[in-house]
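For reference, target-v5.json is printed below; it contains JSON, C-alpha atoms.
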[["chain", "number", "residue", "atom", "x", "y", "z"],
["C", 1, "MET", "CA", 0.00, 0.00, 0.00],
["C", 2, "SER", "CA", 1.54, 3.31, -1.01],
["C", 3, "GLY", "CA", 1.53, 6.45, 1.09],
["C", 4, "GLY", "CA", 3.26, 5.11, 4.23],
["C", 5, "TYR", "CA", 0.10, 4.26, 6.12],
["C", 6, "PRO", "CA", 0.32, 2.68, 9.55],
["C", 7, "GLN", "CA", -1.17, -0.78, 9.66],
["C", 8, "HIS", "CA", -4.58, -1.56, 11.13],
["C", 9, "PRO", "CA", -4.45, -2.46, 14.82],
["C", 10, "PRO", "CA", -5.24, -6.12, 15.58],
["C", 11, "GLY", "CA", -8.96, -6.76, 15.47],
["C", 12, "TYR", "CA", -9.72, -3.35, 14.02],
["C", 13, "GLY", "CA", -12.09, -4.33, 11.26],
["C", 14, "TYR", "CA", -13.71, -1.02, 10.41],
["C", 15, "GLY", "CA", -13.21, -0.08, 6.82],
["C", 16, "SER", "CA", -12.06, -3.51, 5.69],
["C", 17, "PRO", "CA", -13.51, -4.70, 2.39],
["C", 18, "PRO", "CA", -16.73, -6.62, 3.00],
["C", 19, "ALA", "CA", -16.96, -10.29, 2.19],
["C", 20, "GLN", "CA", -20.27, -9.48, 0.53],
["C", 21, "PRO", "CA", -22.26, -6.27, -0.05],
["C", 22, "TYR", "CA", -23.53, -4.89, 3.25],
["C", 23, "THR", "CA", -27.07, -5.01, 2.00],
["C", 24, "ALA", "CA", -27.22, -8.76, 1.64],
["C", 25, "ALA", "CA", -30.55, -10.12, 2.87],
["C", 26, "PRO", "CA", -30.22, -10.52, 6.66],
["C", 27, "TYR", "CA", -32.46, -13.56, 6.93],
["C", 28, "THR", "CA", -31.40, -17.08, 7.75],
["C", 29, "ALA", "CA", -34.72, -18.90, 7.53],
["C", 30, "GLY", "CA", -35.65, -20.48, 4.23],
["C", 31, "ALA", "CA", -33.48, -20.12, 1.17],
["C", 32, "PRO", "CA", -32.84, -16.40, 0.51],
["C", 33, "PRO", "CA", -31.65, -15.29, -2.90],
["C", 34, "PRO", "CA", -27.96, -14.53, -3.44],
["C", 35, "PRO", "CA", -26.61, -11.31, -1.89],
["C", 36, "GLN", "CA", -27.29, -8.25, -4.01],
["C", 37, "PRO", "CA", -25.74, -4.78, -3.90],
["C", 38, "TYR", "CA", -28.17, -2.15, -2.67],
["C", 39, "GLY", "CA", -30.29, -1.01, -5.57],
["C", 40, "ALA", "CA", -29.86, -4.20, -7.62],
["C", 41, "PRO", "CA", -33.16, -5.98, -8.33],
["C", 42, "TYR", "CA", -33.52, -9.72, -7.97],
["C", 43, "ALA", "CA", -32.93, -11.59, -11.19],
["C", 44, "ALA", "CA", -35.72, -13.77, -12.54],
["C", 45, "ALA", "CA", -38.09, -13.22, -9.62],
["C", 46, "PRO", "CA", -41.18, -15.43, -9.92],
["C", 47, "TYR", "CA", -44.43, -13.78, -10.85],
["C", 48, "GLY", "CA", -46.05, -12.28, -7.80],
["C", 49, "ALA", "CA", -42.85, -12.37, -5.75],
["C", 50, "PRO", "CA", -41.60, -9.11, -4.25],
["C", 51, "SER", "CA", -39.66, -7.21, -6.88],
["C", 52, "ALA", "CA", -37.61, -5.30, -4.35],
["C", 53, "PRO", "CA", -34.26, -6.63, -3.22],
["C", 54, "TYR", "CA", -34.81, -6.75, 0.52],
["C", 55, "SER", "CA", -38.32, -7.97, 1.18],
["C", 56, "ALA", "CA", -38.80, -10.49, 3.95],
["C", 57, "PRO", "CA", -39.32, -14.16, 3.02],
["C", 58, "PRO", "CA", -42.94, -15.36, 3.05],
["C", 59, "GLY", "CA", -44.36, -15.60, 6.53],
["C", 60, "GLU", "CA", -41.71, -13.42, 8.14],
["C", 61, "LYS", "CA", -42.08, -9.90, 9.41],
["C", 62, "PRO", "CA", -39.77, -7.26, 7.99],
["C", 63, "PRO", "CA", -36.85, -6.37, 10.26],
["C", 64, "LYS", "CA", -36.90, -3.38, 12.53],
["C", 65, "ASP", "CA", -34.56, -0.51, 11.80],
["C", 66, "LYS", "CA", -31.16, -1.94, 12.38],
["C", 67, "HIS", "CA", -27.65, -0.67, 11.76],
["C", 68, "GLN", "CA", -25.54, -3.35, 10.19],
["C", 69, "ALA", "CA", -21.81, -3.84, 10.17],
["C", 70, "HIS", "CA", -20.18, -1.83, 7.45],
["C", 71, "GLY", "CA", -17.25, -2.67, 5.27],
["C", 72, "ALA", "CA", -15.01, -0.51, 3.23],
["C", 73, "GLY", "CA", -16.39, 2.98, 3.10],
["C", 74, "GLY", "CA", -19.28, 2.07, 5.36],
["C", 75, "ALA", "CA", -20.92, 4.54, 7.71],
["C", 76, "PRO", "CA", -19.13, 4.95, 11.05],
["C", 77, "PRO", "CA", -20.11, 2.31, 13.60],
["C", 78, "VAL", "CA", -22.15, 3.54, 16.54],
["C", 79, "HIS", "CA", -19.66, 3.97, 19.38],
["C", 80, "SER", "CA", -21.45, 4.32, 22.66],
["C", 81, "GLY", "CA", -20.56, 7.58, 24.31],
["C", 82, "SER", "CA", -18.80, 9.13, 21.33],
["C", 83, "TYR", "CA", -21.57, 10.70, 19.30],
["C", 84, "PRO", "CA", -25.33, 10.62, 18.89],
["C", 85, "PRO", "CA", -26.57, 7.45, 17.20],
["C", 86, "ALA", "CA", -27.36, 7.67, 13.51],
["C", 87, "GLY", "CA", -30.99, 7.48, 12.58],
["C", 88, "GLY", "CA", -33.80, 9.78, 13.48],
["C", 89, "TYR", "CA", -33.52, 13.44, 12.71],
["C", 90, "ALA", "CA", -32.02, 15.15, 15.70],
["C", 91, "SER", "CA", -30.35, 18.51, 15.39],
["C", 92, "PRO", "CA", -27.58, 18.37, 12.78],
["C", 93, "PHE", "CA", -25.57, 20.60, 15.12],
["C", 94, "ALA", "CA", -25.72, 18.29, 18.13],
["C", 95, "SER", "CA", -22.58, 18.43, 20.25],
["C", 96, "LEU", "CA", -19.91, 15.81, 19.66],
["C", 97, "LEU", "CA", -19.01, 14.00, 22.87],
["C", 98, "PRO", "CA", -15.41, 13.24, 23.89],
["C", 99, "SER", "CA", -13.99, 9.89, 22.80],
["C", 100, "ALA", "CA", -10.76, 7.89, 23.00],
["C", 101, "PHE", "CA", -8.60, 5.97, 20.56],
["C", 102, "PRO", "CA", -9.66, 2.34, 20.05],
["C", 103, "PRO", "CA", -7.34, -0.21, 21.70],
["C", 104, "GLY", "CA", -4.43, -1.13, 19.44],
["C", 105, "THR", "CA", -4.51, 2.07, 17.39],
["C", 106, "ASP", "CA", -1.19, 2.62, 15.63],
["C", 107, "PRO", "CA", 0.96, 5.14, 17.57],
["C", 108, "ASN", "CA", 1.54, 7.05, 14.34],
["C", 109, "VAL", "CA", -2.20, 7.65, 14.01],
["C", 110, "ILE", "CA", -2.35, 8.87, 17.61],
["C", 111, "ALA", "CA", 0.65, 11.14, 17.05],
["C", 112, "CYS", "CA", -0.92, 12.52, 13.86],
["C", 113, "PHE", "CA", -4.09, 13.46, 15.74],
["C", 114, "GLN", "CA", -2.23, 14.94, 18.71],
["C", 115, "MET", "CA", -0.06, 17.06, 16.42],
["C", 116, "ALA", "CA", -3.22, 18.44, 14.79],
["C", 117, "ASP", "CA", -4.92, 18.99, 18.17],
["C", 118, "GLN", "CA", -2.68, 21.89, 19.10],
["C", 119, "ASP", "CA", -4.90, 23.22, 21.90],
["C", 120, "GLY", "CA", -5.23, 19.79, 23.52],
["C", 121, "SER", "CA", -9.03, 19.95, 23.45],
["C", 122, "GLY", "CA", -9.47, 16.37, 22.30],
["C", 123, "PHE", "CA", -11.07, 17.58, 19.05],
["C", 124, "ILE", "CA", -9.76, 18.86, 15.74],
["C", 125, "ASP", "CA", -11.64, 21.08, 13.32],
["C", 126, "ASP", "CA", -11.99, 20.80, 9.55],
["C", 127, "LYS", "CA", -8.80, 22.69, 8.66],
["C", 128, "GLU", "CA", -6.77, 20.73, 11.22],
["C", 129, "LEU", "CA", -8.14, 17.45, 9.83],
["C", 130, "GLN", "CA", -7.30, 18.60, 6.31],
["C", 131, "ARG", "CA", -3.69, 19.25, 7.35],
["C", 132, "ALA", "CA", -3.42, 15.99, 9.26],
["C", 133, "LEU", "CA", -4.61, 13.95, 6.27],
["C", 134, "SER", "CA", -2.35, 15.81, 3.84],
["C", 135, "SER", "CA", 0.65, 14.72, 5.93],
["C", 136, "TYR", "CA", -0.20, 11.17, 4.84],
["C", 137, "ASN", "CA", -0.62, 12.01, 1.16],
["C", 138, "GLN", "CA", -4.38, 12.37, 1.48],
["C", 139, "SER", "CA", -5.09, 15.87, 0.16],
["C", 140, "PHE", "CA", -8.73, 16.90, 0.00],
["C", 141, "SER", "CA", -10.76, 20.06, -0.43],
["C", 142, "LEU", "CA", -12.44, 21.47, 2.64],
["C", 143, "ARG", "CA", -15.78, 20.37, 1.22],
["C", 144, "THR", "CA", -14.64, 16.73, 1.13],
["C", 145, "VAL", "CA", -13.14, 17.01, 4.61],
["C", 146, "ARG", "CA", -16.40, 18.44, 5.97],
["C", 147, "LEU", "CA", -18.38, 15.68, 4.31],
["C", 148, "LEU", "CA", -16.08, 13.13, 5.93],
["C", 149, "MET", "CA", -16.64, 14.78, 9.30],
["C", 150, "TYR", "CA", -20.41, 14.81, 8.87],
["C", 151, "LEU", "CA", -20.66, 11.16, 7.90],
["C", 152, "PHE", "CA", -18.33, 9.97, 10.65],
["C", 153, "THR", "CA", -19.93, 12.02, 13.43],
["C", 154, "ASN", "CA", -23.52, 12.51, 12.20],
["C", 155, "THR", "CA", -23.29, 16.19, 13.11],
["C", 156, "ASN", "CA", -22.37, 19.41, 11.32],
["C", 157, "THR", "CA", -20.30, 20.78, 14.18],
["C", 158, "ARG", "CA", -17.15, 20.33, 12.07],
["C", 159, "LYS", "CA", -15.26, 18.75, 14.95],
["C", 160, "ILE", "CA", -13.88, 15.24, 15.18],
["C", 161, "GLY", "CA", -12.47, 13.25, 18.09],
["C", 162, "PRO", "CA", -9.89, 10.45, 18.42],
["C", 163, "LYS", "CA", -12.25, 7.55, 17.77],
["C", 164, "GLU", "CA", -13.81, 9.14, 14.70],
["C", 165, "PHE", "CA", -10.39, 10.26, 13.42],
["C", 166, "THR", "CA", -9.16, 6.66, 13.64],
["C", 167, "SER", "CA", -12.19, 5.44, 11.67],
["C", 168, "VAL", "CA", -11.63, 8.12, 9.02],
["C", 169, "PHE", "CA", -7.95, 7.30, 8.77],
["C", 170, "TYR", "CA", -8.28, 3.56, 8.23],
["C", 171, "SER", "CA", -11.31, 3.90, 5.96],
["C", 172, "LEU", "CA", -9.42, 6.30, 3.70],
["C", 173, "GLN", "CA", -6.58, 3.80, 3.58],
["C", 174, "ASN", "CA", -8.95, 1.16, 2.23],
["C", 175, "TRP", "CA", -10.71, 3.56, -0.13],
["C", 176, "ARG", "CA", -7.37, 4.44, -1.68],
["C", 177, "ALA", "CA", -6.66, 0.72, -2.15],
["C", 178, "ILE", "CA", -10.02, 0.33, -3.92],
["C", 179, "PHE", "CA", -9.32, 3.33, -6.16],
["C", 180, "GLU", "CA", -5.89, 1.97, -7.09],
["C", 181, "ARG", "CA", -7.35, -1.47, -7.78],
["C", 182, "PHE", "CA", -9.78, -0.09, -10.35],
["C", 183, "ASP", "CA", -7.38, 2.51, -11.79],
["C", 184, "ARG", "CA", -5.94, -0.25, -13.95],
["C", 185, "ASP", "CA", -4.05, 2.03, -16.35],
["C", 186, "ARG", "CA", -2.52, 3.97, -13.42],
["C", 187, "SER", "CA", -3.71, 7.26, -14.89],
["C", 188, "GLY", "CA", -4.75, 8.64, -11.50],
["C", 189, "LYS", "CA", -8.35, 8.64, -12.74],
["C", 190, "ILE", "CA", -11.17, 6.14, -13.10],
["C", 191, "ASP", "CA", -13.79, 6.24, -15.82],
["C", 192, "ALA", "CA", -17.50, 5.47, -15.59],
["C", 193, "ASN", "CA", -17.10, 1.70, -15.95],
["C", 194, "GLU", "CA", -14.35, 1.59, -13.33],
["C", 195, "LEU", "CA", -16.44, 3.75, -11.00],
["C", 196, "ARG", "CA", -19.39, 1.38, -11.41],
["C", 197, "GLU", "CA", -17.16, -1.56, -10.46],
["C", 198, "ALA", "CA", -15.70, 0.33, -7.51],
["C", 199, "LEU", "CA", -19.16, 1.21, -6.19],
["C", 200, "LEU", "CA", -20.27, -2.40, -6.63],
["C", 201, "SER", "CA", -17.27, -3.52, -4.58],
["C", 202, "LEU", "CA", -18.56, -1.24, -1.82],
["C", 203, "GLY", "CA", -22.06, -2.71, -2.09],
["C", 204, "PHE", "CA", -23.77, -0.01, -4.14],
["C", 205, "SER", "CA", -25.49, -0.68, -7.46],
["C", 206, "VAL", "CA", -26.48, 2.51, -9.26],
["C", 207, "SER", "CA", -28.31, 2.84, -12.56],
["C", 208, "PRO", "CA", -26.51, 4.03, -15.72],
["C", 209, "VAL", "CA", -28.33, 7.36, -15.45],
["C", 210, "VAL", "CA", -27.15, 7.90, -11.87],
["C", 211, "LEU", "CA", -23.65, 6.77, -12.82],
["C", 212, "ASP", "CA", -23.49, 9.37, -15.61],
["C", 213, "LEU", "CA", -24.65, 12.07, -13.21],
["C", 214, "LEU", "CA", -21.98, 11.08, -10.69],
["C", 215, "VAL", "CA", -19.22, 11.17, -13.30],
["C", 216, "SER", "CA", -20.44, 14.52, -14.61],
["C", 217, "LYS", "CA", -20.61, 15.95, -11.08],
["C", 218, "PHE", "CA", -17.24, 14.71, -9.83],
["C", 219, "ASP", "CA", -15.21, 15.07, -13.02],
["C", 220, "LYS", "CA", -13.04, 18.15, -12.47],
["C", 221, "THR", "CA", -13.34, 19.05, -16.14],
["C", 222, "GLY", "CA", -17.11, 19.29, -15.88],
["C", 223, "GLY", "CA", -17.69, 15.99, -17.62],
["C", 224, "LYS", "CA", -15.32, 16.49, -20.56],
["C", 225, "ASN", "CA", -12.89, 13.75, -19.51],
["C", 226, "LYS", "CA", -15.64, 11.49, -18.15],
["C", 227, "ALA", "CA", -13.25, 10.37, -15.42],
["C", 228, "ILE", "CA", -12.71, 11.28, -11.77],
["C", 229, "GLU", "CA", -9.55, 11.65, -9.73],
["C", 230, "TYR", "CA", -8.92, 10.18, -6.28],
["C", 231, "ASP", "CA", -10.02, 13.13, -4.13],
["C", 232, "ASN", "CA", -13.30, 13.46, -6.03],
["C", 233, "PHE", "CA", -13.71, 9.69, -5.95],
["C", 234, "ILE", "CA", -13.75, 9.93, -2.16],
["C", 235, "GLU", "CA", -16.39, 12.65, -2.24],
["C", 236, "CYS", "CA", -18.43, 10.61, -4.73],
["C", 237, "CYS", "CA", -18.30, 7.51, -2.52],
["C", 238, "LEU", "CA", -19.17, 9.54, 0.58],
["C", 239, "THR", "CA", -22.20, 11.01, -1.18],
["C", 240, "VAL", "CA", -23.50, 7.67, -2.50],
["C", 241, "LYS", "CA", -22.85, 5.91, 0.81],
["C", 242, "GLY", "CA", -24.31, 8.67, 2.94],
["C", 243, "LEU", "CA", -27.50, 9.09, 0.93],
["C", 244, "THR", "CA", -27.96, 5.32, 0.72],
["C", 245, "GLU", "CA", -27.55, 4.94, 4.48],
["C", 246, "LYS", "CA", -30.10, 7.69, 5.13],
["C", 247, "PHE", "CA", -32.50, 6.10, 2.65],
["C", 248, "LYS", "CA", -32.11, 2.70, 4.28],
["C", 249, "GLU", "CA", -33.12, 4.15, 7.64],
["C", 250, "LYS", "CA", -36.55, 4.74, 6.10],
["C", 251, "ASP", "CA", -36.57, 1.64, 3.92],
["C", 252, "THR", "CA", -37.31, -0.67, 6.86],
["C", 253, "MET", "CA", -38.63, -3.45, 4.61],
["C", 254, "TYR", "CA", -35.58, -3.39, 2.32],
["C", 255, "SER", "CA", -37.95, -2.82, -0.56],
["C", 256, "GLY", "CA", -36.03, -0.13, -2.43],
["C", 257, "ASN", "CA", -38.84, 2.32, -1.57],
["C", 258, "ALA", "CA", -39.20, 4.79, 1.28],
["C", 259, "THR", "CA", -41.54, 7.57, 2.38],
["C", 260, "PHE", "CA", -40.11, 10.85, 3.67],
["C", 261, "THR", "CA", -41.75, 13.87, 5.19],
["C", 262, "TYR", "CA", -40.66, 17.18, 3.75],
["C", 263, "GLU", "CA", -38.64, 17.93, 6.90],
["C", 264, "ALA", "CA", -36.95, 14.53, 6.85],
["C", 265, "PHE", "CA", -36.12, 14.89, 3.16],
["C", 266, "MET", "CA", -34.54, 18.31, 3.68],
["C", 267, "LEU", "CA", -32.51, 17.09, 6.66],
["C", 268, "THR", "CA", -31.35, 14.12, 4.62],
["C", 269, "VAL", "CA", -30.21, 16.02, 1.54],
["C", 270, "LEU", "CA", -29.07, 19.42, 2.81],
["C", 271, "PRO", "CA", -26.01, 18.21, 4.76],
["C", 272, "PHE", "CA", -24.58, 16.89, 1.48],
["C", 273, "LEU", "CA", -25.17, 20.23, -0.21],
["C", 274, "ILE", "CA", -23.79, 22.49, 2.50],
["C", 275, "ALA", "CA", -20.75, 20.42, 3.52]]
structure tokens encoding of this file:
Amino acid sequence: MSGGYPQHPPGYGYGSPPAQPYTAAPYTAGAPPPPQPYGAPYAAAPYGAPSAPYSAPPGEKPPKDKHQAHGAGGAPPVHSGSYPPAGGYASPFASLLPSAFPPGTDPNVIACFQMADQDGSGFIDDKELQRALSSYNQSFSLRTVRLLMYLFTNTNTRKIGPKEFTSVFYSLQNWRAIFERFDRDRSGKIDANELREALLSLGFSVSPVVLDLLVSKFDKTGGKNKAIEYDNFIECCLTVKGLTEKFKEKDTMYSGNATFTYEAFMLTVLPFLIA
């Protein structure tokens, strides 16, 4: 892995590539269909069977809202005592609570955070996080940094603590590995087909129309090159992942459909626009 990253601490699984897409059907009874990326319809579903990818098997009730384990690029796990749980629509400016580094965190990661936390408050802001990441060859715009902070803390306070910083650090390490895996010509960019494969590896299946919109949005040339560079790839993945996670909170039957109030819709979308 290039960039001189510290290694994951033993047992630290957050951000590791999933064995299967995180949206695989969570049921064990009966014979569920093969795991599908979120958004991918079942193939050859029998007439009258649910057409959506995550409906419960016959005779079973749909699951309650439940946060599942996330793989590479997944939403931050809910750490008790570190930040408000995801889900619901509490104030987007809720205070971030103090946290600590997970056991086994690489000393270099700890030192990187402490160097950025110059006032010793136990938190770093968006500009401090930007500088800390750039010291490990992870240079991002402030918008991308703020989006990272929002998705890993579920608040717009633009502060991040040790536990969230560690999750960001190791997840970015894996995201870079995914980008490099699909950047087969080593151009520093991935095209639409490579982006589709990268998103599928993260468990997201988007339509060709959505894929074209993503490439057009995150291509620095405004869609002329039809390819995106690493920093914009991260922002693209954060946007797809974040919106999908928010949608899934409402899609309790895993049907691919959800109902939002106007307030809930605005609180879902606006953080991605104002990051």
query = Which one is closest to C:Phe169: C:Thr105, C:Asp126, C:Asp117, C:Leu214? Count all atoms listed in the file.
reply =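 Of the candidates, the smallest distance to C:Phe169 is held by C:Thr105.
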message = Can you measure atom CA of C:Leu273 to atom CA of C:Ser121 for me? One decimal in Å is fine.
response =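 Distance reported for this atom pair: 28.6 Å.
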task = Give me the residues within 12 Å of C:Val240 as a ChimeraX atom specification, counting only C-alpha atoms and dropping any in the same chain fewer than 5 places off.
result = /C:38-39,73-75,147,151,195-196,198-200,202-206,210-211,213-214,218,233-235,245-247,269,272
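The interatomic distance for the pair atom CA of C:Glu194 and atom CA of C:Lys217 works out to 15.8 Å.
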task = Find the spatial neighbours of C:Ser135, counting only C-alpha atoms, within a cut-off of 12 Å - ignore same-chain residues fewer than 3 positions away - and output them as a ChimeraX atom specification.
result = /C:3-5,108-109,111-113,115-116,128-132,138-140,169
message = When you count all atoms listed in the file, which of these residues is closest to C:Arg146: C:Met266, C:Met253, C:Ala100, C:Ile124?
response = C:Ile124
request  = Would you work out the distance separating atom CA of C:Thr157 from atom CA of C:Lys127, expressed in Å to one decimal?
outcome  =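 Distance between the two atoms: 12.9 Å.
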